[in-house]
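**Q** For reference, this is structure14.txt, and it has compact mmCIF, C-alpha atoms and all ligand atoms.
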```
# COMPACT_ATOMS: atom_id res chain seq x y z
CA MET A 707 129.61 301.40 115.21
CA LYS A 708 127.18 298.55 115.62
CA VAL A 709 128.58 295.10 114.91
CA PHE A 710 126.00 292.64 113.85
CA PHE A 711 126.45 288.93 114.38
CA PRO A 712 124.30 286.20 113.00
CA LYS A 713 122.20 285.41 116.06
CA SER A 714 123.10 281.76 116.11
CA ILE A 715 126.85 282.24 116.43
CA PHE A 716 126.68 284.96 119.00
CA LYS A 717 124.01 283.53 121.21
CA HIS A 718 125.22 280.00 121.36
CA ASP A 719 128.83 280.77 122.02
CA LEU A 720 128.25 283.56 124.46
CA ARG A 721 125.92 281.47 126.54
CA VAL A 722 127.22 278.00 126.44
CA CYS A 723 130.95 278.34 126.34
CA GLY A 724 132.15 281.63 127.70
CA ARG A 725 135.72 280.98 126.59
CA GLY A 726 134.93 279.69 123.14
CA TRP A 727 132.84 282.68 122.25
CA LEU A 728 135.82 285.01 122.18
CA ASN A 729 137.38 282.89 119.50
CA ALA A 730 134.19 282.65 117.54
CA ALA A 731 133.62 286.36 117.97
CA SER A 732 137.12 287.31 116.83
CA LEU A 733 136.68 284.97 113.87
CA ALA A 734 133.43 286.66 112.99
CA LEU A 735 135.06 290.06 113.45
CA ALA A 736 137.99 289.08 111.27
CA ALA A 737 135.54 287.86 108.64
CA ALA A 738 133.76 291.21 108.80
CA GLY A 739 137.10 293.03 108.61
CA LEU A 740 136.70 294.65 112.02
CA SER A 741 138.86 294.90 115.08
CA GLY A 742 137.93 293.53 118.49
CA SER A 743 137.63 297.00 119.97
CA ALA A 744 134.41 297.64 118.04
CA LEU A 745 132.77 294.90 120.05
CA ALA A 746 134.19 296.08 123.37
CA GLN A 747 132.92 299.61 122.75
CA ASP A 748 129.42 298.37 122.07
CA ALA A 749 129.00 296.08 125.07
CA PRO A 750 127.71 298.06 128.06
CA GLN A 751 129.94 297.84 131.08
CA PRO A 752 128.31 296.80 134.36
CA SER A 753 127.51 299.77 136.56
CA ALA A 754 128.94 299.97 140.07
CA LEU A 755 125.54 298.79 141.33
CA VAL A 756 125.64 295.64 139.20
CA ARG A 757 129.28 294.94 140.07
CA GLN A 758 128.63 295.38 143.77
CA ALA A 759 125.64 293.05 143.58
CA ALA A 760 127.65 290.36 141.78
CA VAL A 761 130.67 290.64 144.07
CA GLY A 762 128.50 290.74 147.19
CA ILE A 763 126.39 287.73 146.19
CA ALA A 764 129.40 285.67 145.11
CA ALA A 765 131.27 286.41 148.35
CA GLU A 766 128.20 285.64 150.45
CA LEU A 767 127.58 282.32 148.71
CA GLY A 768 131.24 281.33 148.98
CA LYS A 769 131.16 282.04 152.71
CA ALA A 770 127.68 280.77 153.69
CA CYS A 771 127.52 277.84 151.25
CA PRO A 772 131.10 276.61 150.72
CA LEU A 773 132.03 273.30 149.15
CA ALA A 774 131.18 270.37 151.42
CA PRO A 775 130.39 266.68 150.93
CA ALA A 776 127.29 266.46 148.70
CA GLY A 777 125.24 264.77 151.45
CA ASP A 778 126.22 267.06 154.33
CA ILE A 779 122.87 268.11 155.85
CA ALA A 780 124.42 270.45 158.45
CA ALA A 781 126.29 272.42 155.76
CA TYR A 782 123.11 272.57 153.68
CA THR A 783 120.99 273.74 156.62
CA ALA A 784 123.50 276.46 157.54
CA CYS A 785 123.40 277.66 153.92
CA ARG A 786 119.57 277.61 153.91
CA GLN A 787 119.42 279.66 157.09
CA ALA A 788 121.89 282.22 155.73
CA LEU A 789 120.12 282.71 152.38
CA PHE A 790 116.58 282.65 153.83
CA GLY A 791 117.59 285.31 156.36
CA PRO A 792 118.26 288.93 155.37
CA SER A 793 120.88 287.91 152.78
CA THR A 794 122.46 289.95 149.98
CA LEU A 795 121.10 287.38 147.53
CA ARG A 796 117.59 287.83 148.86
CA SER A 797 117.82 291.62 148.75
CA HIS A 798 118.33 291.35 144.97
CA LEU A 799 115.29 289.19 144.25
CA PRO A 800 112.09 290.46 142.64
CA LYS A 801 108.62 289.55 143.97
CA PHE A 802 108.64 286.47 141.77
CA LEU A 803 111.80 284.94 140.39
CA LEU A 804 111.91 282.72 137.31
CA TRP A 805 114.02 279.61 137.91
CA GLY A 806 115.00 276.51 136.00
CA ARG A 807 117.43 274.57 133.89
CA GLN A 808 119.34 276.16 131.05
CA SER A 809 117.64 275.02 127.86
CA LYS A 810 119.33 272.23 125.92
CA ALA A 811 118.34 273.98 122.69
CA PRO A 812 121.51 275.83 121.67
CA ASN A 813 119.95 279.16 120.73
CA ALA A 814 117.05 279.28 123.14
CA THR A 815 116.29 282.67 124.62
CA ILE A 816 114.93 283.00 128.14
CA ARG A 817 111.55 283.71 126.62
CA GLN A 818 111.66 280.33 124.88
CA THR A 819 112.85 278.48 127.98
CA ASN A 820 110.44 276.78 130.39
CA LEU A 821 110.87 278.14 133.89
CA THR A 822 109.12 278.08 137.27
CA GLN A 823 107.95 281.10 139.27
CA PHE A 824 109.10 281.36 142.88
CA ALA A 825 108.54 283.78 145.73
CA PRO A 826 111.85 284.70 147.45
CA ASP A 827 111.03 282.60 150.56
CA VAL A 828 110.67 279.50 148.42
CA TRP A 829 113.78 279.94 146.31
CA THR A 830 116.12 281.04 149.11
CA SER A 831 115.07 278.24 151.46
CA MET A 832 114.84 275.26 149.10
CA TYR A 833 116.50 275.85 145.73
CA ALA A 834 119.53 278.17 145.86
CA PRO A 835 120.97 276.37 148.96
CA LEU A 836 121.10 273.08 147.06
CA PHE A 837 124.26 274.49 145.47
CA MET A 838 127.74 275.01 146.93
CA PHE A 839 130.09 277.76 145.82
CA ASN A 840 133.78 278.70 145.71
CA GLY A 841 133.01 282.44 145.58
CA LYS A 842 134.17 282.87 141.96
CA HIS A 843 132.03 284.61 139.41
CA SER A 844 132.09 286.30 136.01
CA ILE A 845 129.91 289.06 134.53
CA GLU A 846 128.97 289.30 130.85
CA TRP A 847 126.61 291.47 128.88
CA VAL A 848 124.18 289.42 126.81
CA ALA A 849 122.86 291.72 124.13
CA ASP A 850 119.92 289.54 123.10
CA GLU A 851 118.55 289.49 126.64
CA LYS A 852 119.58 293.06 127.44
CA MET A 853 120.80 291.81 130.81
CA PHE A 854 124.04 291.03 132.56
CA LEU A 855 124.71 287.38 133.15
CA VAL A 856 126.46 286.71 136.44
CA ARG A 857 127.82 283.20 136.39
CA LEU A 858 128.74 281.66 139.75
CA GLU A 859 130.88 278.55 139.83
CA ALA A 860 128.87 275.94 141.72
CA ALA A 861 128.34 272.29 142.60
CA PHE A 862 125.11 270.50 143.55
CA ARG A 863 124.31 268.61 146.76
CA ASN A 864 123.09 265.44 145.07
CA ARG A 865 123.44 263.09 148.05
CA LEU A 866 120.94 264.61 150.47
CA PRO A 867 117.98 262.52 151.69
CA ALA A 868 114.78 262.88 149.61
CA GLY A 869 113.06 265.05 152.24
CA GLN A 870 115.71 267.77 151.82
CA PHE A 871 114.70 268.49 148.22
CA PRO A 872 111.57 270.56 147.53
CA TYR A 873 110.27 267.54 145.61
CA PRO A 874 111.97 264.52 144.04
CA PHE A 875 113.68 266.12 141.01
CA TRP A 876 114.27 262.62 139.66
CA HIS A 877 110.67 262.44 138.44
CA ASP A 878 112.43 263.71 135.30
CA GLU A 879 115.72 261.99 134.49
CA ALA A 880 117.12 264.81 132.37
CA LYS A 881 116.34 267.34 135.07
CA TRP A 882 118.06 265.24 137.76
CA ALA A 883 121.10 264.69 135.53
CA MET A 884 121.55 268.42 134.98
CA TYR A 885 121.09 269.16 138.69
CA GLU A 886 123.64 266.50 139.67
CA ASN A 887 126.25 267.70 137.22
CA ALA A 888 125.61 271.41 137.58
CA ASN A 889 128.78 273.49 137.47
CA ALA A 890 127.31 277.00 137.58
CA LEU A 891 124.41 279.10 138.74
CA MET A 892 123.42 281.82 136.27
CA LEU A 893 121.86 285.03 137.53
CA TRP A 894 120.28 287.33 134.93
CA VAL A 895 120.58 290.82 136.27
CA ASN A 896 118.66 293.93 135.27
CA PRO A 897 121.30 296.50 134.20
CA GLU A 898 119.52 299.43 135.88
CA THR A 899 118.21 297.99 139.14
CA ALA A 900 120.73 295.15 139.66
CA LEU A 901 117.75 292.95 140.56
CA ILE A 902 117.90 289.31 139.51
CA ARG A 903 115.06 288.62 137.10
CA VAL A 904 115.86 285.03 136.21
CA ALA A 905 118.12 282.38 137.73
CA GLN A 906 119.19 279.19 136.01
CA PHE A 907 121.54 276.30 136.61
CA THR A 908 123.66 274.62 134.00
CA ASP A 909 126.08 271.73 133.54
CA GLN A 910 127.54 273.46 130.47
CA ALA A 911 129.47 276.34 132.04
CA PRO A 912 133.03 276.75 130.68
CA THR A 913 134.55 276.36 134.16
CA PRO A 914 135.42 272.87 135.44
CA SER A 915 133.40 270.95 138.05
CA LEU A 916 134.24 272.04 141.59
CA GLN A 917 134.29 268.52 142.93
CA GLN A 918 133.84 265.01 141.68
CA VAL A 919 130.19 264.04 141.29
CA VAL A 920 129.24 260.58 142.52
CA ALA A 921 125.97 260.07 140.69
CA VAL A 922 122.91 258.86 142.60
CA LYS A 923 120.81 256.46 140.59
CA GLN A 924 117.24 257.33 141.49
CA GLU A 925 114.16 255.38 140.52
CA LYS A 926 111.90 257.52 138.36
CA TYR A 927 109.43 259.15 140.75
CA LYS A 928 105.75 259.56 139.96
CA GLY A 929 104.55 261.30 143.13
CA PRO A 930 102.98 261.94 145.55
CA TRP A 931 104.65 265.34 146.04
CA LEU A 932 103.91 265.32 149.77
CA TRP A 933 104.12 262.15 151.83
CA THR A 934 104.42 260.84 155.39
CA ASP A 935 107.58 258.96 156.37
CA GLU A 936 107.89 255.94 158.71
CA GLN A 937 108.21 258.26 161.73
CA GLY A 938 104.91 259.91 160.80
CA LYS A 939 106.66 263.09 159.71
CA THR A 940 105.46 265.06 156.68
CA GLN A 941 107.98 265.00 153.82
CA PRO A 942 109.71 266.73 152.13
CA ALA A 943 110.51 268.23 155.57
CA VAL A 944 112.00 271.34 153.95
CA THR A 945 108.56 272.20 152.55
CA LEU A 946 107.37 272.74 156.14
CA PHE A 947 110.22 275.20 156.78
CA ASP A 948 112.11 272.52 158.69
CA GLY A 949 115.61 273.85 159.34
CA VAL A 950 114.85 277.51 158.62
CA TYR A 951 112.13 277.94 161.23
CA ARG A 952 112.90 276.94 164.81
CA ALA A 953 111.97 273.45 165.88
CA ASP A 954 109.79 274.92 168.66
CA ASN A 955 107.75 277.15 166.34
CA PRO A 956 104.29 276.29 167.70
CA HIS A 957 102.48 276.89 164.38
CA MET A 958 104.04 274.10 162.36
CA ALA A 959 101.54 271.33 163.14
CA THR A 960 98.65 273.65 162.29
CA MET A 961 100.32 274.74 159.07
CA ASP A 962 100.70 271.11 158.04
CA LYS A 963 97.04 270.43 158.79
CA ARG A 964 95.74 273.59 157.12
CA TYR A 965 97.78 272.85 154.03
CA ARG A 966 96.27 269.38 153.84
CA ASP A 967 92.78 270.91 154.11
CA LEU A 968 93.68 273.33 151.33
CA ALA A 969 95.11 270.51 149.21
CA VAL A 970 91.72 268.74 149.31
CA GLN A 971 90.09 271.86 147.88
CA LEU A 972 92.84 272.29 145.27
CA ARG A 973 92.14 268.77 144.14
CA GLU A 974 88.38 269.31 144.19
CA SER A 975 88.81 272.44 142.04
CA GLN A 976 91.15 270.82 139.46
CA CYS A 977 94.11 273.04 140.41
CA VAL A 978 96.37 269.99 140.79
CA ASN A 979 95.78 269.10 137.14
CA CYS A 980 98.23 271.86 136.32
CA HIS A 981 100.11 273.23 139.34
CA VAL A 982 102.36 270.23 140.11
CA PRO A 983 106.07 269.59 139.43
CA ASN A 984 105.60 267.27 136.44
CA ASN A 985 103.81 270.19 134.74
CA PRO A 986 101.10 268.21 132.91
CA ASP A 987 99.78 271.37 131.23
CA LYS A 988 103.27 272.23 129.91
CA MET A 989 103.06 275.72 131.36
CA SER A 990 106.04 277.81 130.28
CA ARG A 991 106.00 279.73 133.59
CA LEU A 992 105.00 277.00 136.01
CA VAL A 993 103.39 277.88 139.36
CA LEU A 994 103.62 275.19 142.06
CA LEU A 995 101.02 274.67 144.77
CA SER A 996 101.97 271.11 145.67
CA THR A 997 103.60 271.61 149.09
CA PRO A 998 103.06 273.95 152.08
CA ALA A 999 106.10 276.13 151.27
CA HIS A 1000 105.23 276.43 147.59
CA ALA A 1001 101.61 277.25 148.39
CA ALA A 1002 102.69 279.73 151.08
CA GLY A 1003 104.66 281.62 148.44
CA GLU A 1004 101.60 281.79 146.18
CA VAL A 1005 98.76 282.16 148.62
CA ASP A 1006 98.04 285.85 147.97
CA ARG A 1007 97.97 285.35 144.20
CA LEU A 1008 95.92 282.18 144.72
CA ILE A 1009 93.23 283.99 146.70
CA LYS A 1010 93.14 286.86 144.21
CA ALA A 1011 92.96 284.56 141.16
CA VAL A 1012 90.11 282.50 142.61
CA ARG A 1013 88.22 285.52 143.87
CA GLU A 1014 88.40 287.10 140.41
CA ASP A 1015 87.52 283.83 138.63
CA SER A 1016 90.75 283.87 136.62
CA MET A 1017 91.55 280.42 138.06
CA PRO A 1018 90.91 277.60 137.42
CA MET A 1019 91.34 277.19 133.67
CA ASP A 1020 90.02 274.54 131.34
CA GLU A 1021 92.13 272.43 128.97
CA PHE A 1022 92.12 275.29 126.45
CA ARG A 1023 93.44 277.67 129.09
CA LEU A 1024 90.18 279.55 129.35
CA SER A 1025 89.33 280.75 132.84
CA TYR A 1026 86.07 279.66 134.38
CA ALA A 1027 84.32 280.33 137.67
CA LEU A 1028 84.08 277.60 140.29
CA SER A 1029 80.67 276.68 141.67
CA PRO A 1030 79.79 279.07 144.51
CA GLU A 1031 80.27 276.23 146.99
CA ASN A 1032 83.69 275.17 145.76
CA LYS A 1033 84.81 278.75 145.53
CA LYS A 1034 83.75 279.42 149.11
CA TRP A 1035 85.51 276.34 150.49
CA LEU A 1036 88.65 276.94 148.51
CA LEU A 1037 88.85 280.58 149.58
CA GLU A 1038 88.14 279.68 153.21
CA SER A 1039 90.81 277.00 153.35
CA ALA A 1040 93.30 279.27 151.55
CA GLN A 1041 92.63 282.06 154.05
CA ALA A 1042 92.98 279.68 157.01
CA PHE A 1043 96.27 278.41 155.62
CA LYS A 1044 97.48 281.96 155.00
CA ASP A 1045 96.66 282.90 158.61
CA THR A 1046 98.90 280.12 159.98
CA VAL A 1047 101.67 281.01 157.53
CA THR A 1048 101.53 284.60 158.79
CA ALA A 1049 101.42 283.52 162.44
CA ALA A 1050 104.41 281.22 161.97
CA ARG A 1051 106.41 283.98 160.30
CA GLN A 1052 105.52 286.48 163.01
CA TRP A 1053 106.45 284.06 165.76
CA GLU A 1054 109.77 283.48 164.07
CA GLN A 1055 110.46 287.21 163.83
CA GLN A 1056 109.64 287.67 167.50
CA ALA A 1057 111.85 284.75 168.45
CA GLN A 1058 114.71 286.22 166.46
CA ALA A 1059 114.27 289.64 167.98
CA ALA A 1060 114.26 288.00 171.40
CA THR A 1061 117.52 286.17 170.67
CA ALA A 1062 119.06 289.36 169.36
CA GLN A 1063 118.12 291.18 172.56
CA GLY A 1064 119.13 288.23 174.66
CA SER A 1065 117.42 289.71 177.70
CA THR A 1066 114.92 288.26 180.16
CA THR A 1067 112.28 290.67 178.91
CA ALA A 1068 112.67 289.13 175.47
CA GLY A 1069 112.24 285.69 177.00
CA MET A 1070 109.02 286.90 178.53
CA THR A 1071 107.81 288.22 175.17
CA LEU A 1072 108.37 284.79 173.72
CA GLN A 1073 106.55 283.09 176.57
CA GLY A 1074 103.80 285.64 176.17
CA ALA A 1075 103.53 284.81 172.48
CA ARG A 1076 103.28 281.11 173.29
CA ALA A 1077 100.75 281.66 176.05
CA SER A 1078 98.55 283.78 173.79
CA LEU A 1079 98.48 280.89 171.37
CA THR A 1080 97.14 278.40 173.88
CA ARG A 1081 94.49 280.80 175.11
C1 LIG A 1101 94.48 273.94 132.87
C2 LIG A 1101 95.54 274.27 133.75
C3 LIG A 1101 95.28 275.10 134.98
C4 LIG A 1101 94.37 274.83 135.99
C5 LIG A 1101 93.39 273.68 136.11
C6 LIG A 1101 94.61 275.84 136.97
N1 LIG A 1101 95.57 276.71 136.57
FE1 LIG A 1101 96.38 278.25 137.63
N2 LIG A 1101 97.54 278.74 136.07
C7 LIG A 1101 97.55 278.11 134.85
C8 LIG A 1101 98.36 278.87 133.93
C9 LIG A 1101 98.64 278.49 132.49
C10 LIG A 1101 98.84 279.99 134.64
C11 LIG A 1101 99.69 281.11 134.11
C12 LIG A 1101 101.13 280.90 134.39
C13 LIG A 1101 101.93 282.00 133.77
O1 LIG A 1101 102.09 283.04 134.41
O2 LIG A 1101 102.39 281.81 132.64
C14 LIG A 1101 98.31 279.87 135.98
C15 LIG A 1101 98.60 280.76 137.00
C16 LIG A 1101 98.17 280.60 138.31
C17 LIG A 1101 98.61 281.37 139.43
C18 LIG A 1101 99.63 282.49 139.37
C19 LIG A 1101 98.87 283.70 139.60
C20 LIG A 1101 98.88 284.78 138.68
O3 LIG A 1101 98.18 285.72 139.11
O4 LIG A 1101 99.48 284.74 137.61
C21 LIG A 1101 97.96 280.92 140.53
C22 LIG A 1101 98.08 281.43 141.97
C23 LIG A 1101 97.07 279.87 140.10
N3 LIG A 1101 97.26 279.68 138.75
C24 LIG A 1101 96.22 279.18 140.92
C25 LIG A 1101 95.31 278.22 140.47
C26 LIG A 1101 94.29 277.64 141.30
C27 LIG A 1101 94.05 277.98 142.75
C28 LIG A 1101 93.64 276.74 140.53
C29 LIG A 1101 92.45 275.90 140.91
C30 LIG A 1101 91.31 276.65 141.37
C31 LIG A 1101 94.26 276.75 139.22
N4 LIG A 1101 95.25 277.68 139.23
C32 LIG A 1101 93.91 275.93 138.18
C33 LIG A 1101 96.94 276.91 134.55
C34 LIG A 1101 96.00 276.29 135.33
```
Render the structure in this file as C-alpha cells.

**A**
Amino acid sequence: MKVFFPKSIFKHDLRVCGRGWLNAASLALAAAGLSGSALAQDAPQPSALVRQAAVGIAAELGKACPLAPAGDIAAYTACRQALFGPSTLRSHLPKFLLWGRQSKAPNATIRQTNLTQFAPDVWTSMYAPLFMFNGKHSIEWVADEKMFLVRLEAAFRNRLPAGQFPYPFWHDEAKWAMYENANALMLWVNPETALIRVAQFTDQAPTPSLQQVVAVKQEKYKGPWLWTDEQGKTQPAVTLFDGVYRADNPHMATMDKRYRDLAVQLRESQCVNCHVPNNPDKMSRLVLLSTPAHAAGEVDRLIKAVREDSMPMDEFRLSYALSPENKKWLLESAQAFKDTVTAARQWEQQAQAATAQGSTTAGMTLQGARASLTR
C-alpha cells in the first residue's frame, strides 16, 4: 500500500530533523488510520552495496579525519592527503559532484538548491577535508529525491589560516556561519550504483555538535580570489595543491605562472563575470575557474566549451563565439595550463611509485624525471 504524505510535512521533517520526523510521520499515519509498518514496507532498504559504501566512507573519515583542534593544520593536511589519494570516498564520486549548503528554505528539493560543480580532485583536496568526523553515520531513504541520504556527524575546521580554504568563504556571512556551525555532512547516494551524486553540509542535523565552536569573526571579503602573501607566495596555497603534492614537485612554479596567463584570457573573454565564488550570474550549478585547482578540475570542459562556442554567454545566457583572436589565445593558454597540470600529476604518480618501491632504481627514475625536465 502506498502511503501519501503532504509533501511539506514529509520533506521538511525527514530532512531537517531526523528524529522529529518519526513523530510527525506517526502522527500523520495515525491521522490516516494506518500503522507504522505500512511506511516501513514502502521505504526501500539500502542494498549491501549502499550499506558498504556508507560504512566504509564513515569509517575512513573517522580514521583519516578525526576530531582535532579547529586550527590544526597538520591534522587537516593528513586528512587532505588521505582523501585526495585512492580513498573510499573518492572511489564513490561521479565525474562532477554537486556540493553546497543545505537550503534554508524548509521544503527545498536538491533541484531547487543552488550548488557548485566539482571534479573529484577539487572536492577531495579542498572541501571534504575541511570537516572532522567521529565515524558515526545514519542512512535514510528520501522518497522525493529517490536517493539514500547518508548523514555523517561532522565538525568544521573554522580556525585555519585563510590560505587553507579554497577561497574566503566569509565573502558571504550566511555561508560562513553555516560552515562554522556545521554538524553533519550529507551524502546523497544513488540506490543502484552507490555513487554519491550530491554532497551538502548542514548546521541543522538532529545530532549534537561534536565540539564547541569558537566563532571566528571575519571581515566580509570582496576578493581577489587569488593573491600573493607577504612572503611572495600565491594564496590560497591549497589551490596550488600545496600539502597534497610534494613540496619538491618541479611543476608547481610553472603551473602558477600558466594559471595566471590563463586568468588574463579568462578576464579578457568575460568568463570571470560569471565563474567566480560570489556567483554574480546566480548560476544554480556554479562552475568555478578562479584558482589553479578549480580551473584544473574544469580545464577539459573549458577547452571543449570554448572550442564549440558554447562559452562565453551573454547576460541573457545566450552563447556567443569569441573573436578568432581571443578564442585562439584563450585556447592556447588553457592548453598550456593543462599540460603543466598533467605533468605535475604524472610526476607525483612517479614519485609515489618510487616511494612505494623504495629501491635505488626508483630513485633513479625520479632523478631521470627531474633531469628530463631541465633538458
Ligand atoms: C553570463 C555568464 C557566463 C559567462 C560570461 C561565461 N559562462 Fe560559462 N557557464 C555559465 C553557465 C550558466 C553555465 C552552466 C552551468 C550549469 O551547468 O548549470 C556555464 C558552464 C560553463 C562550464 C561547464 C562546462 C559544461 O560543459 O557545462 C565551463 C567549463 C564554462 N562555463 C567555461 C566558461 C568560459 C571559459 C567562459 C569565458 C570564455 C565562460 N564560461 C563564460 C555562465 C557563463

**Q** Around ligand LIG 1101 (chain A), which protein and nucleic acid residues have at least one atom no more than 7 Å from it, if we count all atoms listed in the file? List them as JSON, numbers by chain.

**A** {"A": [972, 975, 976, 977, 978, 979, 980, 981, 987, 989, 990, 991, 992, 993, 1004, 1005, 1007, 1008, 1011, 1012, 1017, 1018, 1019, 1020, 1021, 1022, 1023]}

**Q** Write out, as a tab-separated table, each residue of range 767-884 of chain A that has an atom at most 7 Å from range 931-944 of chain A, together with the closest pair of atoms and their distance in Å to one decimal, counting all atoms listed in the file, rows going by chain and rising number.

**A**
```
residue	atom	partner	partner_atom	distance
A:Met832	CA	A:Val944	CA	6.9
A:Ala868	CA	A:Pro942	CA	6.8
A:Gly869	CA	A:Pro942	CA	3.7
A:Gln870	CA	A:Val944	CA	5.6
A:Phe871	CA	A:Pro942	CA	6.6
A:Pro872	CA	A:Pro942	CA	6.3
A:Tyr873	CA	A:Trp931	CA	6.1
```

**Q** Keeping only C-alpha atoms, write those residues as a CSV table (one decimal), keeping the file's coordinate frame.

**A**
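Below you can see again.csv, which holds the result:
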```csv
chain,number,residue,atom,x,y,z
A,832,MET,CA,114.8,275.3,149.1
A,868,ALA,CA,114.8,262.9,149.6
A,869,GLY,CA,113.1,265.0,152.2
A,870,GLN,CA,115.7,267.8,151.8
A,871,PHE,CA,114.7,268.5,148.2
A,872,PRO,CA,111.6,270.6,147.5
A,873,TYR,CA,110.3,267.5,145.6
```

**Q** Would you please work out which residue, of A:Pro998, A:Gly949, A:Pro897, A:Pro983, is nearest to Ala749 in chain A when using all atoms listed in the file?

**A**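 Checking each of A:Pro998, A:Gly949, A:Pro897, A:Pro983 against Ala749 in chain A, counting all atoms listed in the file, the winner is A:Pro897.
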
**Q** Find, counting all atoms listed in the file, the residue in A:Val828, A:Ala890, A:Ala788, A:Ala754 that gets nearest to Thr997 in chain A.

**A**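 Closest candidate: A:Val828.
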
**Q** May I ask for the distance between CA of Gln758 in chain A and CA of Leu858 in chain A, given in Å to one decimal place?

**A**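 Atom-to-atom, CA of Gln758 in chain A to CA of Leu858 in chain A, that is 14.3 Å.
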
**Q** Could you pull the residues within 7 Å of range 1045-1050 of chain A, counting only C-alpha atoms, minus those fewer than 6 positions along the same chain, as a list in words?

**A**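 Here the qualifying residues turn out to be Asn955, His957, Thr960, Met961 and Ala1002 of chain A.
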
**Q** What lies within 7 Å of range 902-910 of chain A using all atoms listed in the file, ignoring chain neighbours under 2 positions off, as a PyMOL selection string?

**A** chain A and resi 722+798-800+803-808+884+887-896+900+912

**Q** Would you mind reading off the distance between CA of Ala780 in chain A and CA of Tyr833 in chain A, one decimal, in Å?

**A**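 According to the coordinates, CA of Ala780 in chain A and CA of Tyr833 in chain A are separated by 15.9 Å.
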
**Q** Show me, as a PDB file with C-alpha atoms, in the coordinates of the input, the residues that have an atom within 9 Å of Val919 in chain A when counting all atoms listed in the file, minus same-chain residues fewer than 5 positions from it.

**A**
```
ATOM      1  CA  ALA A 776     127.290 266.460 148.700  1.00  0.00           C
ATOM      2  CA  ALA A 861     128.340 272.290 142.600  1.00  0.00           C
ATOM      3  CA  PHE A 862     125.110 270.500 143.550  1.00  0.00           C
ATOM      4  CA  ASN A 864     123.090 265.440 145.070  1.00  0.00           C
ATOM      5  CA  GLU A 886     123.640 266.500 139.670  1.00  0.00           C
ATOM      6  CA  ASN A 887     126.250 267.700 137.220  1.00  0.00           C
TER       7      ASN A 887
END
```

**Q** Name all residues at most 9 Å from Lys801 in chain A (count all atoms listed in the file; drop same-chain ones fewer than 3 positions away) and give them as a ChimeraX atom specification.

**A** /A:824-826

**Q** Of the candidates A:Pro874, A:Met958, A:Leu795, A:Pro775, which shows the shortest atom-to-atom distance to Glu925 in chain A, using only C-alpha atoms?

**A**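 Ranking A:Pro874, A:Met958, A:Leu795, A:Pro775 by distance to Glu925 in chain A, first place goes to A:Pro874.
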
**Q** Using all atoms listed in the file, which of A:Glu1014, A:Pro956, A:Asn840, A:Leu946 sits nearest Pro914 in chain A?

**A**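 Checking each candidate against Pro914 in chain A, we get A:Asn840 as the closest.
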
**Q** Rank A:Gly762, A:Pro792, A:Pro772, A:Pro750 by their smallest atom-to-atom distance to Ser831 in chain A, using only C-alpha atoms, and report the top residue only.

**A** A:Pro792

**Q** Using all atoms listed in the file, pick whichever of A:Val950, A:Ala774, A:Ala1001, A:Val982 has the shortest atom-to-atom distance to Gln1041 in chain A.

**A** A:Ala1001

**Q** Need to verify the contact set: His843 in chain A, 9 Å, all atoms listed in the file, exclusion of same-chain residues closer than 3 positions in sequence. Can you return it as a list in words?

**A**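 Surrounding residues, per the criterion: Ala760, Val761, Ala764, Asn840, Val856, Arg857, Leu858 and Glu859 of chain A.
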
**Q** Box for range 848-867 of chain A: with edges along x, y and z, all listed atoms inside and 6 Å added on each side, what are the centre and edge lengths in Å to one decimal, as JSON?

**A**
```
{"center_x": 124.4, "center_y": 277.8, "center_z": 137.4, "size_x": 24.9, "size_y": 42.5, "size_z": 40.6}
```

**Q** Up to 10 Å from (84.5, 280.7, 142.1) in the file's coordinates: name the residues, counting only C-alpha atoms, as number ranges by chain.

**A** A: 975, 1011-1018, 1026-1037

**Q** Can you write just those residues out, C-alpha atoms, as a PDB file, in the frame of the given file?

**A**
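Result went into again34.pdb, see below:
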```pdb
ATOM      1  CA  SER A 975      88.810 272.440 142.040  1.00  0.00           C
ATOM      2  CA  ALA A1011      92.960 284.560 141.160  1.00  0.00           C
ATOM      3  CA  VAL A1012      90.110 282.500 142.610  1.00  0.00           C
ATOM      4  CA  ARG A1013      88.220 285.520 143.870  1.00  0.00           C
ATOM      5  CA  GLU A1014      88.400 287.100 140.410  1.00  0.00           C
ATOM      6  CA  ASP A1015      87.520 283.830 138.630  1.00  0.00           C
ATOM      7  CA  SER A1016      90.750 283.870 136.620  1.00  0.00           C
ATOM      8  CA  MET A1017      91.550 280.420 138.060  1.00  0.00           C
ATOM      9  CA  PRO A1018      90.910 277.600 137.420  1.00  0.00           C
ATOM     10  CA  TYR A1026      86.070 279.660 134.380  1.00  0.00           C
ATOM     11  CA  ALA A1027      84.320 280.330 137.670  1.00  0.00           C
ATOM     12  CA  LEU A1028      84.080 277.600 140.290  1.00  0.00           C
ATOM     13  CA  SER A1029      80.670 276.680 141.670  1.00  0.00           C
ATOM     14  CA  PRO A1030      79.790 279.070 144.510  1.00  0.00           C
ATOM     15  CA  GLU A1031      80.270 276.230 146.990  1.00  0.00           C
ATOM     16  CA  ASN A1032      83.690 275.170 145.760  1.00  0.00           C
ATOM     17  CA  LYS A1033      84.810 278.750 145.530  1.00  0.00           C
ATOM     18  CA  LYS A1034      83.750 279.420 149.110  1.00  0.00           C
ATOM     19  CA  TRP A1035      85.510 276.340 150.490  1.00  0.00           C
ATOM     20  CA  LEU A1036      88.650 276.940 148.510  1.00  0.00           C
ATOM     21  CA  LEU A1037      88.850 280.580 149.580  1.00  0.00           C
TER      22      LEU A1037
END
```

**Q** In Å, with one decimal, what is the gap from CA of Leu789 in chain A to CA of Ile763 in chain A?

**A** 10.1 Å
